[in-house]
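Step one of this worksheet: look at the structure below.
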Amino acid sequence: MARHLRFVARTVMVQDGNVDAAYKALNRVLSVDGILETVKRKRYYEKPCRQRQRENYENCRRIYHAEMARRISFLSKANRPDPWLGC
Amino acid sequence: MGRASVVSTESRRPICSSAIRQQESAEEATVTPKTSSREFSIYPPMPGEDSPLRWGGMKFEDLPIAHIKATYNNTHIQVTDHSGQYMARTSCGAEGFRNVKKSTPIAAQTAGISAAAKAQAKGVTFVRVVVKGLGPGRLSAIKGLTMGGLEVVSITDNTPVPHNGCRPRKARRM
């Protein structure tokens, strides 16, 4: 990143010489920003047909997981007002 | 690059009233007088603003930099001063490792130790680390620098990310 200010982005300070925690924090920041997987993917060329298949697969996976999490959280709700109260 | 909001769990302060603060200050004054008065943020001090943090009397912008290039086959370490002037340089191959042994974390650690020794001979104590590449020696080179005696102040990641520039080589196992 030669055209950007150096030591501004993707930088983590080390507290009390705890290099492991700082490295973990850096890895967390990079994976949340999606940089680690981009670097791994761009190591070899990905043909456009493969890229379209992968994007489609990731979209379907995201929708499926979101829907499943929603349903599970709905079913696991235990504290709710008694539906048979007053009968 | 957007900054992810990583909450540092070390500096979580409750909203306390003055009475509780006096009690806490009486306890903390005996235990940790220095660290409780300063909030630690994982973000570095910006080049424009003035921050009171100093390492060995130097500001953050004037600290020497240790560039670590961690490729998949080797790890290079070069220590420069804040303007980019060369100070020390080693790599796994320079340590005597050959071929496949260069791409191991142990080789990176020995390279880090020797780079720290060379830098200390030139009078360097605090250093900022810039890592480039995803290789096996990425973390162990930093560990080697700390084991060799240098103090790591911050870790930056400068891995080159092309915005669809040069075409990389073809995928393996066709």
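Each chain in the structure tokens gets a letter, A, B, ..., in the order shown, and its residues are numbered from 1; ligands are numbered from 1 in order too.
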
Could the residues of chain A that have an atom at most 6 Å from chain B be listed as JSON lines, each with its closest atom pair and the distance in Å to one decimal, counting only C-alpha atoms and ordered by chain and ascending residue number?
{"residue": "A:Arg10", "atom": "CA", "partner": "B:Asp157", "partner_atom": "CA", "distance": 5.6}
{"residue": "A:Thr11", "atom": "CA", "partner": "B:Thr156", "partner_atom": "CA", "distance": 4.2}
{"residue": "A:Val12", "atom": "CA", "partner": "B:Ile42", "partner_atom": "CA", "distance": 5.2}
{"residue": "A:Met13", "atom": "CA", "partner": "B:Ser154", "partner_atom": "CA", "distance": 4.2}
{"residue": "A:Val14", "atom": "CA", "partner": "B:Ser154", "partner_atom": "CA", "distance": 5.2}
{"residue": "A:Val29", "atom": "CA", "partner": "B:Ala4", "partner_atom": "CA", "distance": 5.8}
{"residue": "A:Tyr44", "atom": "CA", "partner": "B:Ala171", "partner_atom": "CA", "distance": 5.1}
{"residue": "A:Tyr45", "atom": "CA", "partner": "B:Lys170", "partner_atom": "CA", "distance": 5.1}

Using all heavy atoms, can you export the residues from the last selection as a PDB file, in the first residue's frame?
ATOM      1  N   ARG A  10      -4.441  -1.458   9.632  1.00  0.00           N
ATOM      2  CA  ARG A  10      -3.906  -2.798   9.858  1.00  0.00           C
ATOM      3  C   ARG A  10      -2.745  -2.783  10.848  1.00  0.00           C
ATOM      4  O   ARG A  10      -1.751  -3.480  10.683  1.00  0.00           O
ATOM      5  CB  ARG A  10      -3.426  -3.447   8.551  1.00  0.00           C
ATOM      6  CG  ARG A  10      -4.497  -3.539   7.490  1.00  0.00           C
ATOM      7  CD  ARG A  10      -4.103  -4.530   6.437  1.00  0.00           C
ATOM      8  NE  ARG A  10      -3.641  -3.901   5.228  1.00  0.00           N
ATOM      9  CZ  ARG A  10      -3.128  -4.550   4.206  1.00  0.00           C
ATOM     10  NH1 ARG A  10      -3.023  -5.845   4.241  1.00  0.00           N
ATOM     11  NH2 ARG A  10      -2.722  -3.899   3.141  1.00  0.00           N
ATOM     12  N   THR A  11      -2.864  -1.949  11.879  1.00  0.00           N
ATOM     13  CA  THR A  11      -1.790  -1.853  12.882  1.00  0.00           C
ATOM     14  C   THR A  11      -2.366  -2.125  14.248  1.00  0.00           C
ATOM     15  O   THR A  11      -3.452  -1.677  14.583  1.00  0.00           O
ATOM     16  CB  THR A  11      -1.172  -0.450  12.865  1.00  0.00           C
ATOM     17  OG1 THR A  11      -0.764  -0.167  11.542  1.00  0.00           O
ATOM     18  CG2 THR A  11       0.036  -0.371  13.765  1.00  0.00           C
ATOM     19  N   VAL A  12      -1.617  -2.882  15.062  1.00  0.00           N
ATOM     20  CA  VAL A  12      -2.053  -3.218  16.408  1.00  0.00           C
ATOM     21  C   VAL A  12      -0.900  -2.913  17.349  1.00  0.00           C
ATOM     22  O   VAL A  12       0.245  -3.288  17.070  1.00  0.00           O
ATOM     23  CB  VAL A  12      -2.430  -4.721  16.496  1.00  0.00           C
ATOM     24  CG1 VAL A  12      -2.647  -5.125  17.919  1.00  0.00           C
ATOM     25  CG2 VAL A  12      -3.675  -4.987  15.710  1.00  0.00           C
ATOM     26  N   MET A  13      -1.202  -2.227  18.458  1.00  0.00           N
ATOM     27  CA  MET A  13      -0.150  -1.935  19.431  1.00  0.00           C
ATOM     28  C   MET A  13       0.003  -3.114  20.377  1.00  0.00           C
ATOM     29  O   MET A  13      -0.947  -3.826  20.675  1.00  0.00           O
ATOM     30  CB  MET A  13      -0.514  -0.688  20.251  1.00  0.00           C
ATOM     31  CG  MET A  13      -0.777   0.539  19.427  1.00  0.00           C
ATOM     32  SD  MET A  13       0.663   1.166  18.616  1.00  0.00           S
ATOM     33  CE  MET A  13       1.510   1.914  19.942  1.00  0.00           C
ATOM     34  N   VAL A  14       1.205  -3.269  20.876  1.00  0.00           N
ATOM     35  CA  VAL A  14       1.513  -4.377  21.778  1.00  0.00           C
ATOM     36  C   VAL A  14       1.488  -3.849  23.203  1.00  0.00           C
ATOM     37  O   VAL A  14       2.147  -2.855  23.517  1.00  0.00           O
ATOM     38  CB  VAL A  14       2.910  -4.952  21.451  1.00  0.00           C
ATOM     39  CG1 VAL A  14       3.357  -5.908  22.516  1.00  0.00           C
ATOM     40  CG2 VAL A  14       2.870  -5.633  20.111  1.00  0.00           C
ATOM     41  N   VAL A  29      -8.723  -8.798  13.401  1.00  0.00           N
ATOM     42  CA  VAL A  29      -9.066  -7.625  12.584  1.00  0.00           C
ATOM     43  C   VAL A  29      -8.982  -7.974  11.101  1.00  0.00           C
ATOM     44  O   VAL A  29      -9.868  -7.641  10.312  1.00  0.00           O
ATOM     45  CB  VAL A  29      -8.112  -6.463  12.937  1.00  0.00           C
ATOM     46  CG1 VAL A  29      -8.212  -5.364  11.913  1.00  0.00           C
ATOM     47  CG2 VAL A  29      -8.417  -5.928  14.312  1.00  0.00           C
ATOM     48  N   TYR A  44      -3.529 -18.395  -6.268  1.00  0.00           N
ATOM     49  CA  TYR A  44      -3.626 -18.964  -7.607  1.00  0.00           C
ATOM     50  C   TYR A  44      -4.795 -18.302  -8.313  1.00  0.00           C
ATOM     51  O   TYR A  44      -5.738 -17.851  -7.662  1.00  0.00           O
ATOM     52  CB  TYR A  44      -3.857 -20.479  -7.544  1.00  0.00           C
ATOM     53  CG  TYR A  44      -2.791 -21.191  -6.779  1.00  0.00           C
ATOM     54  CD1 TYR A  44      -3.073 -21.794  -5.560  1.00  0.00           C
ATOM     55  CD2 TYR A  44      -1.496 -21.274  -7.264  1.00  0.00           C
ATOM     56  CE1 TYR A  44      -2.095 -22.448  -4.852  1.00  0.00           C
ATOM     57  CE2 TYR A  44      -0.518 -21.937  -6.556  1.00  0.00           C
ATOM     58  CZ  TYR A  44      -0.816 -22.514  -5.359  1.00  0.00           C
ATOM     59  OH  TYR A  44       0.148 -23.161  -4.661  1.00  0.00           O
ATOM     60  N   TYR A  45      -4.762 -18.341  -9.649  1.00  0.00           N
ATOM     61  CA  TYR A  45      -5.819 -17.661 -10.381  1.00  0.00           C
ATOM     62  C   TYR A  45      -7.110 -18.458 -10.290  1.00  0.00           C
ATOM     63  O   TYR A  45      -7.119 -19.684 -10.365  1.00  0.00           O
ATOM     64  CB  TYR A  45      -5.406 -17.486 -11.849  1.00  0.00           C
ATOM     65  CG  TYR A  45      -6.435 -16.769 -12.668  1.00  0.00           C
ATOM     66  CD1 TYR A  45      -6.750 -15.445 -12.399  1.00  0.00           C
ATOM     67  CD2 TYR A  45      -7.097 -17.415 -13.700  1.00  0.00           C
ATOM     68  CE1 TYR A  45      -7.684 -14.780 -13.145  1.00  0.00           C
ATOM     69  CE2 TYR A  45      -8.041 -16.747 -14.453  1.00  0.00           C
ATOM     70  CZ  TYR A  45      -8.334 -15.437 -14.170  1.00  0.00           C
ATOM     71  OH  TYR A  45      -9.264 -14.782 -14.915  1.00  0.00           O
TER      72      TYR A  45
END

Practice problem: Tell me which protein, DNA and RNA residues are within 8 Å of B:Met87, counting only C-alpha atoms, leaving out same-chain ones fewer than 5 positions away, and put them as a ChimeraX atom specification. | Solution: /B:78-81,119,122

Practice problem: Would you mind reading off the distance between atom CA of B:Thr104 and atom CA of A:Tyr23, one decimal, in Å? | Solution: 18.4 Å

Quiz prompt | Point-to-point distance from atom CA of B:Lys59 to atom CA of A:Asn27, Å rounded to tenths | solution = 25.7 Å

Practice problem: Extract the full set of alpha helix (DSSP H) residues from chain A according to DSSP on the backbone, and format it as a ChimeraX atom specification. | Solution: /A:19-33,35-41,48-75

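Atom to atom, atom CA of A:Ala9 and atom CA of B:Ile65 stand 15.7 Å apart.
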
Self-check item: Distance criterion (only C-alpha atoms): nearest to B:Arg54 out of B:Phe126, B:Tyr72, B:Ser114, B:Met147
Solution: B:Phe126
